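Shown next: data.cif, containing mmCIF, C-alpha atoms.
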```cif
data_my_file
loop_
_atom_site.label_atom_id
_atom_site.label_comp_id
_atom_site.auth_asym_id
_atom_site.auth_seq_id
_atom_site.Cartn_x
_atom_site.Cartn_y
_atom_site.Cartn_z
CA MET A 12 0.00 0.00 0.00
CA VAL A 13 2.82 2.38 0.80
CA VAL A 14 4.35 1.79 -2.60
CA ASP A 15 1.03 2.46 -4.32
CA VAL A 16 0.61 5.70 -2.38
CA VAL A 17 4.09 6.84 -3.28
CA VAL A 18 3.55 6.03 -6.95
CA GLY A 19 0.27 7.91 -6.93
CA VAL A 20 1.83 10.96 -5.32
CA ILE A 21 4.64 10.96 -7.86
CA ALA A 22 2.19 10.65 -10.73
CA ALA A 23 0.11 13.51 -9.35
CA VAL A 24 3.19 15.70 -8.98
CA LEU A 25 4.25 14.93 -12.53
CA LEU A 26 0.77 15.69 -13.80
CA VAL A 27 0.69 19.01 -11.96
CA ALA A 28 4.15 19.82 -13.27
CA ALA A 29 3.06 19.02 -16.81
CA VAL A 30 -0.02 21.21 -16.48
CA VAL A 31 2.03 24.07 -15.02
CA GLY A 32 4.66 23.67 -17.70
CA GLY A 33 2.03 23.74 -20.40
CA LEU A 34 0.57 26.92 -18.95
CA SER A 35 3.93 28.68 -18.50
CA ILE A 36 5.77 27.75 -21.71
CA ARG A 37 4.98 29.42 -25.04
CA VAL A 38 6.64 29.38 -28.46
CA VAL A 39 7.22 32.60 -30.44
CA GLN A 40 7.91 32.19 -34.17
CA GLN A 41 10.81 33.87 -35.95
CA PHE A 42 8.54 36.42 -37.69
CA GLN A 43 6.76 37.26 -34.43
CA ARG A 44 7.42 39.19 -31.27
CA GLY A 45 5.78 38.50 -27.90
CA VAL A 46 4.12 41.11 -25.69
CA VAL A 47 3.44 39.92 -22.11
CA PHE A 48 0.61 41.24 -19.94
CA ARG A 49 0.95 40.46 -16.22
CA PHE A 50 -2.30 40.97 -14.38
CA GLY A 51 -3.37 43.29 -17.19
CA ARG A 52 -0.25 45.45 -17.18
CA VAL A 53 2.08 45.31 -20.17
CA ARG A 54 5.67 44.32 -19.63
CA GLU A 55 8.18 46.60 -21.34
CA GLU A 56 10.36 43.69 -22.33
CA VAL A 57 9.42 42.29 -25.74
CA ARG A 58 9.90 38.54 -25.93
CA GLN A 59 12.08 37.39 -28.80
CA PRO A 60 11.50 34.27 -30.97
CA GLY A 61 11.89 30.92 -29.22
CA LEU A 62 10.60 29.47 -25.94
CA VAL A 63 9.05 32.01 -23.60
CA ALA A 64 8.50 31.27 -19.91
CA LEU A 65 5.40 32.79 -18.35
CA VAL A 66 4.03 32.92 -14.85
CA PRO A 67 1.00 30.66 -14.83
CA VAL A 68 -2.35 32.38 -14.40
CA ALA A 69 -0.63 35.80 -14.01
CA ASP A 70 0.80 36.30 -17.52
CA ARG A 71 -0.89 36.55 -20.91
CA LEU A 72 1.09 36.54 -24.18
CA ARG A 73 0.16 38.46 -27.35
CA ARG A 74 2.05 37.59 -30.50
CA VAL A 75 2.61 40.41 -33.00
CA ASN A 76 3.57 39.80 -36.61
CA VAL A 77 6.52 41.97 -37.65
CA GLN A 78 6.50 40.99 -41.34
CA ILE A 79 5.78 43.56 -44.05
CA VAL A 80 2.03 43.65 -44.56
CA THR A 81 0.51 44.41 -47.98
CA LEU A 82 -2.70 46.36 -47.51
CA PRO A 83 -4.73 47.26 -50.61
CA ILE A 84 -6.57 50.57 -50.49
CA PRO A 85 -10.07 50.47 -52.01
CA ALA A 86 -10.63 52.69 -55.03
CA GLN A 87 -11.44 56.24 -54.02
CA GLU A 88 -13.35 58.64 -56.26
CA GLY A 89 -12.40 62.29 -56.24
CA ILE A 90 -11.97 65.45 -58.30
CA THR A 91 -8.48 66.52 -59.26
CA ARG A 92 -7.19 70.07 -59.10
CA ASP A 93 -7.99 70.55 -62.80
CA ASN A 94 -11.63 69.42 -62.22
CA VAL A 95 -11.49 65.87 -63.60
CA THR A 96 -13.39 63.07 -61.85
CA VAL A 97 -11.19 59.99 -61.34
CA ARG A 98 -11.14 56.76 -59.34
CA VAL A 99 -7.77 55.86 -57.86
CA ASP A 100 -6.73 52.77 -55.92
CA ALA A 101 -3.39 52.14 -54.22
CA VAL A 102 -1.50 49.71 -52.03
CA VAL A 103 0.35 50.28 -48.74
CA TYR A 104 3.34 48.29 -47.49
CA PHE A 105 3.97 48.60 -43.74
CA ARG A 106 5.37 46.66 -40.80
CA VAL A 107 5.20 46.84 -37.02
CA LEU A 108 8.22 48.62 -35.60
CA ASP A 109 7.22 48.71 -31.90
CA PRO A 110 4.96 45.78 -30.87
CA VAL A 111 4.06 47.36 -27.52
CA LYS A 112 2.74 50.57 -29.10
CA ALA A 113 0.97 48.64 -31.86
CA ILE A 114 -0.94 46.58 -29.25
CA VAL A 115 -1.51 49.24 -26.59
CA ASN A 116 -1.96 52.55 -28.49
CA VAL A 117 -4.40 51.36 -31.15
CA GLN A 118 -7.16 48.78 -31.01
CA ASP A 119 -6.69 47.36 -34.53
CA TYR A 120 -3.70 48.80 -36.33
CA ASN A 121 -4.58 47.10 -39.65
CA PHE A 122 -8.00 48.77 -39.75
CA ALA A 123 -6.50 52.07 -38.60
CA ILE A 124 -3.88 52.07 -41.35
CA SER A 125 -6.57 51.23 -43.92
CA GLN A 126 -8.76 54.18 -42.90
CA VAL A 127 -5.86 56.62 -42.80
CA ALA A 128 -4.73 55.46 -46.23
CA GLN A 129 -8.18 55.99 -47.74
CA THR A 130 -8.55 59.52 -46.37
CA SER A 131 -5.00 60.41 -47.41
CA LEU A 132 -5.63 59.08 -50.91
CA ARG A 133 -8.75 61.24 -51.31
CA SER A 134 -6.81 64.23 -50.06
CA ILE A 135 -3.90 63.69 -52.42
CA ILE A 136 -6.29 63.35 -55.39
CA GLY A 137 -7.69 66.83 -54.75
CA LYS A 138 -4.19 68.32 -54.59
CA SER A 139 -2.90 66.73 -57.80
CA GLU A 140 -3.57 67.24 -61.49
CA LEU A 141 -4.58 64.54 -63.92
CA ASP A 142 -1.28 64.61 -65.82
CA ASP A 143 0.62 64.06 -62.59
CA LEU A 144 -1.57 61.09 -61.65
CA LEU A 145 -0.97 59.50 -65.03
CA ALA A 146 2.68 60.28 -65.78
CA ASN A 147 4.37 61.69 -62.69
CA ARG A 148 3.35 59.41 -59.83
CA GLU A 149 6.59 59.30 -57.88
CA PRO A 150 6.11 62.66 -56.07
CA ILE A 151 2.47 61.73 -55.40
CA ASN A 152 3.53 58.39 -53.89
CA GLN A 153 6.04 60.14 -51.66
CA GLY A 154 3.46 62.69 -50.53
CA LEU A 155 0.92 59.96 -49.83
CA GLU A 156 3.51 57.98 -47.86
CA LEU A 157 4.30 61.04 -45.76
CA MET A 158 0.62 61.68 -45.03
CA ILE A 159 0.07 58.09 -43.86
CA ASP A 160 3.34 57.87 -41.94
CA SER A 161 2.61 60.89 -39.72
CA PRO A 162 -0.06 59.22 -37.51
CA ALA A 163 1.42 55.73 -37.92
CA LEU A 164 4.63 56.63 -36.09
CA SER A 165 2.74 57.09 -32.81
CA TRP A 166 1.25 53.61 -33.30
CA GLY A 167 4.66 51.95 -33.59
CA ILE A 168 4.17 51.25 -37.30
CA GLU A 169 6.58 52.07 -40.11
CA ILE A 170 5.27 52.74 -43.64
CA ASP A 171 7.63 51.06 -46.07
CA ARG A 172 6.15 52.45 -49.29
CA VAL A 173 2.90 53.48 -50.97
CA GLU A 174 2.09 52.89 -54.64
CA ILE A 175 -0.82 54.09 -56.79
CA LYS A 176 -2.01 51.09 -58.80
CA ASP A 177 -4.63 52.35 -61.23
CA VAL A 178 -6.38 55.55 -62.29
CA ALA A 179 -9.85 55.07 -63.80
CA LEU A 180 -11.10 57.84 -66.08
CA PRO A 181 -14.57 58.55 -67.52
CA GLU A 182 -15.16 57.42 -71.09
CA ALA A 183 -15.59 60.99 -72.34
CA MET A 184 -12.22 61.93 -70.89
CA LYS A 185 -10.61 58.87 -72.48
CA ARG A 186 -11.96 59.89 -75.89
CA SER A 187 -10.74 63.46 -75.41
CA MET A 188 -7.30 62.26 -74.43
CA SER A 189 -7.14 59.91 -77.41
CA ARG A 190 -8.03 62.78 -79.76
CA GLN A 191 -5.39 64.94 -78.10
CA ALA A 192 -2.78 62.23 -78.49
CA GLU A 193 -3.74 61.71 -82.13
CA ALA A 194 -3.49 65.45 -82.83
CA GLU A 195 -0.10 65.57 -81.13
CA ARG A 196 1.16 62.65 -83.22
CA GLU A 197 -0.13 64.31 -86.40
CA ARG A 198 1.57 67.57 -85.44
CA ARG A 199 4.87 65.78 -84.93
CA ALA A 200 4.48 63.97 -88.25
CA ARG A 201 3.84 67.24 -90.09
CA ILE A 202 6.82 68.90 -88.43
CA ILE A 203 9.08 65.98 -89.35
CA THR A 204 7.78 66.00 -92.93
CA ALA A 205 8.27 69.76 -93.25
CA ASP A 206 11.77 69.46 -91.81
CA GLY A 207 12.59 66.74 -94.32
CA GLU A 208 11.26 68.84 -97.19
CA TYR A 209 13.29 71.81 -95.98
CA GLN A 210 16.48 69.79 -95.88
CA ALA A 211 15.69 68.24 -99.27
CA SER A 212 15.06 71.68 -100.78
CA ALA A 213 18.38 72.92 -99.42
CA ARG A 214 20.18 69.98 -101.00
CA LEU A 215 18.28 70.43 -104.26
CA SER A 216 19.20 74.10 -104.38
CA GLU A 217 22.86 73.19 -103.96
CA ALA A 218 22.54 70.57 -106.69
CA ALA A 219 20.84 73.11 -108.98
CA ALA A 220 23.69 75.56 -108.41
CA VAL A 221 26.22 72.89 -109.37
CA MET A 222 24.20 71.89 -112.46
CA SER A 223 23.78 75.50 -113.55
CA ALA A 224 27.55 75.92 -113.46
CA THR A 225 27.95 72.74 -115.54
CA PRO A 226 25.07 72.36 -118.05
CA ALA A 227 26.27 68.92 -119.07
CA ALA A 228 25.48 67.65 -115.58
CA LEU A 229 21.77 68.22 -116.20
CA GLN A 230 21.89 66.08 -119.33
CA LEU A 231 23.78 63.36 -117.46
CA ARG A 232 21.24 63.44 -114.69
CA LEU A 233 18.47 63.12 -117.28
CA LEU A 234 20.13 60.09 -118.80
CA GLN A 235 20.61 58.55 -115.36
CA THR A 236 16.90 59.01 -114.62
CA VAL A 237 16.05 57.30 -117.91
CA VAL A 238 18.31 54.36 -116.99
CA GLU A 239 16.65 54.05 -113.57
CA VAL A 240 13.18 54.03 -115.09
CA ALA A 241 14.16 51.55 -117.79
CA ALA A 242 15.58 49.16 -115.17
CA GLU A 243 12.05 48.35 -114.01
CA LYS A 244 11.34 46.72 -117.43
CA ASN A 245 8.13 48.64 -117.92
CA SER A 246 6.31 48.77 -121.21
CA THR A 247 5.96 52.53 -120.93
CA LEU A 248 9.00 54.76 -120.54
CA VAL A 249 8.42 58.16 -118.99
CA LEU A 250 10.99 60.64 -120.28
CA PRO A 251 11.18 63.83 -118.22
CA PHE A 252 11.41 67.04 -120.21
CA PRO A 253 13.72 69.66 -118.70
CA VAL A 254 12.05 72.91 -117.71
CA GLU A 255 15.16 74.84 -118.77
CA LEU A 256 14.63 73.68 -122.34
CA LEU A 257 11.06 75.02 -122.29
CA ARG A 258 12.36 78.35 -121.04
CA PHE A 259 14.97 78.41 -123.81
CA LEU A 260 12.32 77.75 -126.48
CA ASP A 261 10.05 80.40 -125.00
CA SER A 262 12.83 83.01 -124.98
CA ALA A 263 13.77 82.08 -128.56
CA ALA A 264 10.16 82.54 -129.72
CA GLU A 265 9.90 85.89 -127.97
CA THR A 266 13.11 87.06 -129.63
CA HIS A 267 11.78 86.01 -133.05
CA ARG A 268 8.52 87.91 -132.52
CA ARG A 269 10.39 91.06 -131.52
CA ALA A 270 12.63 90.83 -134.58
CA ALA A 271 9.61 90.39 -136.89
CA SER A 272 7.83 93.40 -135.35
CA ALA A 273 10.92 95.61 -135.71
CA GLN A 274 11.36 94.59 -139.36
CA GLY A 275 7.71 95.38 -140.21
CA ALA A 276 7.96 98.83 -138.61
CA GLY A 277 11.10 99.64 -140.62
CA GLN A 278 9.49 98.75 -143.96
CA GLY A 279 6.43 100.94 -143.17
CA ALA A 280 8.66 103.95 -142.47
CA GLU A 281 10.53 103.52 -145.81
CA ARG A 282 7.29 103.56 -147.88
CA GLY A 283 6.16 106.94 -146.43
CA PRO A 284 2.67 108.56 -146.53
CA ALA A 285 2.11 107.76 -150.18
CA ALA A 286 2.05 104.15 -149.37
CA VAL A 287 -1.03 104.55 -147.25
CA GLU A 288 -3.09 106.41 -149.89
CA GLU A 289 -6.18 104.56 -150.93
CA PRO A 290 -6.98 104.18 -154.61
CA PRO A 291 -10.13 105.91 -155.89
CA LEU A 292 -13.24 103.93 -155.98
CA PRO A 293 -14.43 102.88 -159.42
CA GLY A 294 -17.38 104.86 -160.86
CA MET A 295 -16.79 107.89 -158.67
CA GLU A 296 -15.87 111.30 -160.14
CA GLN A 297 -13.13 113.10 -158.37
CA LEU A 298 -13.87 116.72 -157.48
CA GLU A 299 -11.18 119.34 -157.20
CA LEU A 300 -11.59 121.41 -154.07
CA PRO A 301 -10.52 125.07 -153.96
CA PRO A 302 -7.67 126.12 -151.70
CA LEU A 303 -8.44 126.72 -148.06
CA GLU A 304 -7.30 130.42 -148.10
CA GLU A 305 -9.67 131.21 -150.94
CA VAL A 306 -12.60 129.68 -149.13
CA LEU A 307 -11.85 131.68 -145.96
CA ASP A 308 -11.48 135.04 -147.84
CA ARG A 309 -14.71 134.62 -149.79
CA SER A 310 -17.86 136.35 -148.51
CA PRO A 311 -20.86 134.19 -147.74
CA LEU A 312 -23.03 136.42 -149.99
CA ASP A 313 -20.93 135.86 -153.07
CA PRO A 314 -22.44 133.39 -155.56
CA ALA A 315 -20.62 130.16 -155.74
CA LYS A 316 -18.90 129.13 -158.91
CA PRO A 317 -20.24 126.23 -160.80
CA GLY A 318 -18.97 123.01 -159.34
CA GLU A 319 -17.98 124.58 -155.99
CA ASP A 320 -21.30 124.05 -154.18
CA GLY A 321 -21.17 120.41 -154.63
CA GLY A 322 -24.01 120.54 -157.11
CA GLY A 323 -22.04 118.92 -159.89
CA PRO A 324 -22.49 115.40 -160.93
CA ARG A 325 -21.71 112.84 -158.30
#
```
As structure tokens, please, write out the structure in this file.
Amino acid sequence: MVVDVVVGVIAAVLLVAAVVGGLSIRVVQQFQRGVVFRFGRVREEVRQPGLVALVPVADRLRRVNVQIVTLPIPAQEGITRDNVTVRVDAVVYFRVLDPVKAIVNVQDYNFAISQVAQTSLRSIIGKSELDDLLANREPINQGLELMIDSPALSWGIEIDRVEIKDVALPEAMKRSMSRQAEAERERRARIITADGEYQASARLSEAAAVMSATPAALQLRLLQTVVEVAAEKNSTLVLPFPVELLRFLDSAAETHRRAASAQGAGQGAERGPAAVEEPPLPGMEQLELPPLEEVLDRSPLDPAKPGEDGGGPR
């Protein structure tokens, strides 16, 4: 009986020791930190990863994850500084820097960071322009990170980075931006084409100066063009006609017309006034008129001589 009692006592002691050991020993993972509350009061010492000994019944352990947490921010709708309605969503990367503050100072630090990020995102939308949201996001990300990090420091949380993921635009704005981009591309194309034409015209003017100094070069260039066209083995051969030749023919014709006009004027001057007298009409009797001085000296009352009053035969 004594042996049985001793064995029972030993077994009871071992059982109590096992229960106490199970209540006082905890395991903290490598990515966690332990915060101990003794009778409701937090202990300043943060328990590191590994086995943690606790006072049974008196201590309570809270494990805090110190990994970087990825928290998506729901899409927020707002009006930019240039009066464009957009929907912007982002993502926040943060981690717990002080486990004691994260547990004691805020009830749920994940929810708190989410709400601060949403309000900060709406605020940053109103301060930014649409072009900055689309093409210059780095300063906006830094400003958003600073706005979220200000209250998070008192919670023992460090904001690693903040990124804007997507910017949703109205369909009308998308069409306007597409038209703007198309017009910009067309403007660049016209400028490039005009620049090419300007450079080509400069080169052509230099070539024309060289050809004008050497007329045979124009004929050689004409023959080269004919060879290039004939190399295509076409049934129709287009032979360019030089403009300079047309100008030469035009100047030659003008010179010929001027020479003919000058020759005709010289012949008319040699013939004199007699050459322009008209011959008398057939069947008409020519009347001899008195001199002009005699007609002026005569009195109107004097009788006219026969044949002077125009009464003769016609």
Selection near Thr130 of chain A, 10 Å with all atoms listed in the file, sequence-local residues under 5 positions removed, as a count of residues only: 5
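Distance-wise, atom CA of Leu180 of chain A and atom CA of Val97 of chain A end up 5.2 Å apart.
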Each residue of segment 98-120 of chain A lying at most 12 Å from segment 38-60 of chain A should get a row with its shortest atom-to-atom pair and the distance in Å to one decimal, counting all atoms listed in the file; could you produce that, ordered by chain and increasing number, as CSV?
```
residue,atom,partner,partner_atom,distance
A:Arg106,CA,A:Phe42,CA,11.2
A:Val107,CA,A:Arg44,CA,9.8
A:Leu108,CA,A:Arg44,CA,10.4
A:Asp109,CA,A:Val57,CA,9.2
A:Pro110,CA,A:Val46,CA,7.0
A:Val111,CA,A:Val46,CA,6.5
A:Lys112,CA,A:Val46,CA,10.2
A:Ala113,CA,A:Val46,CA,10.2
A:Ile114,CA,A:Val46,CA,8.3
A:Val115,CA,A:Val53,CA,8.3
A:Asn116,CA,A:Val53,CA,11.7
```
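Across A:Pro226, A:Gly61, A:Gly89, A:Pro150, the tightest approach to Ser134 of chain A is made by A:Gly89 when counting only C-alpha atoms.
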Between atom CA of Gln126 of chain A and atom CA of Ala146 of chain A, distance in Å (one decimal): 26.3 Å
Two-atom distance - atom CA of Val173 of chain A, atom CA of Val77 of chain A (Å): 18.0 Å
Shortest interatomic distance to Leu72 of chain A - which of A:Arg198, A:Arg214, A:Arg37, A:Arg92, counting all atoms listed in the file: A:Arg37
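Nearest residue to Tyr104 of chain A, choosing from A:Thr81, A:Thr204, A:Gln118, A:Thr266 and counting all atoms listed in the file: A:Thr81.
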Long-range neighbours of Val117 of chain A as a list in words, 10 Å cut-off, all atoms listed in the file, 6 positions minimum in chain: Ala123, Ala163, Ser165, Trp166 and Gly167 of chain A
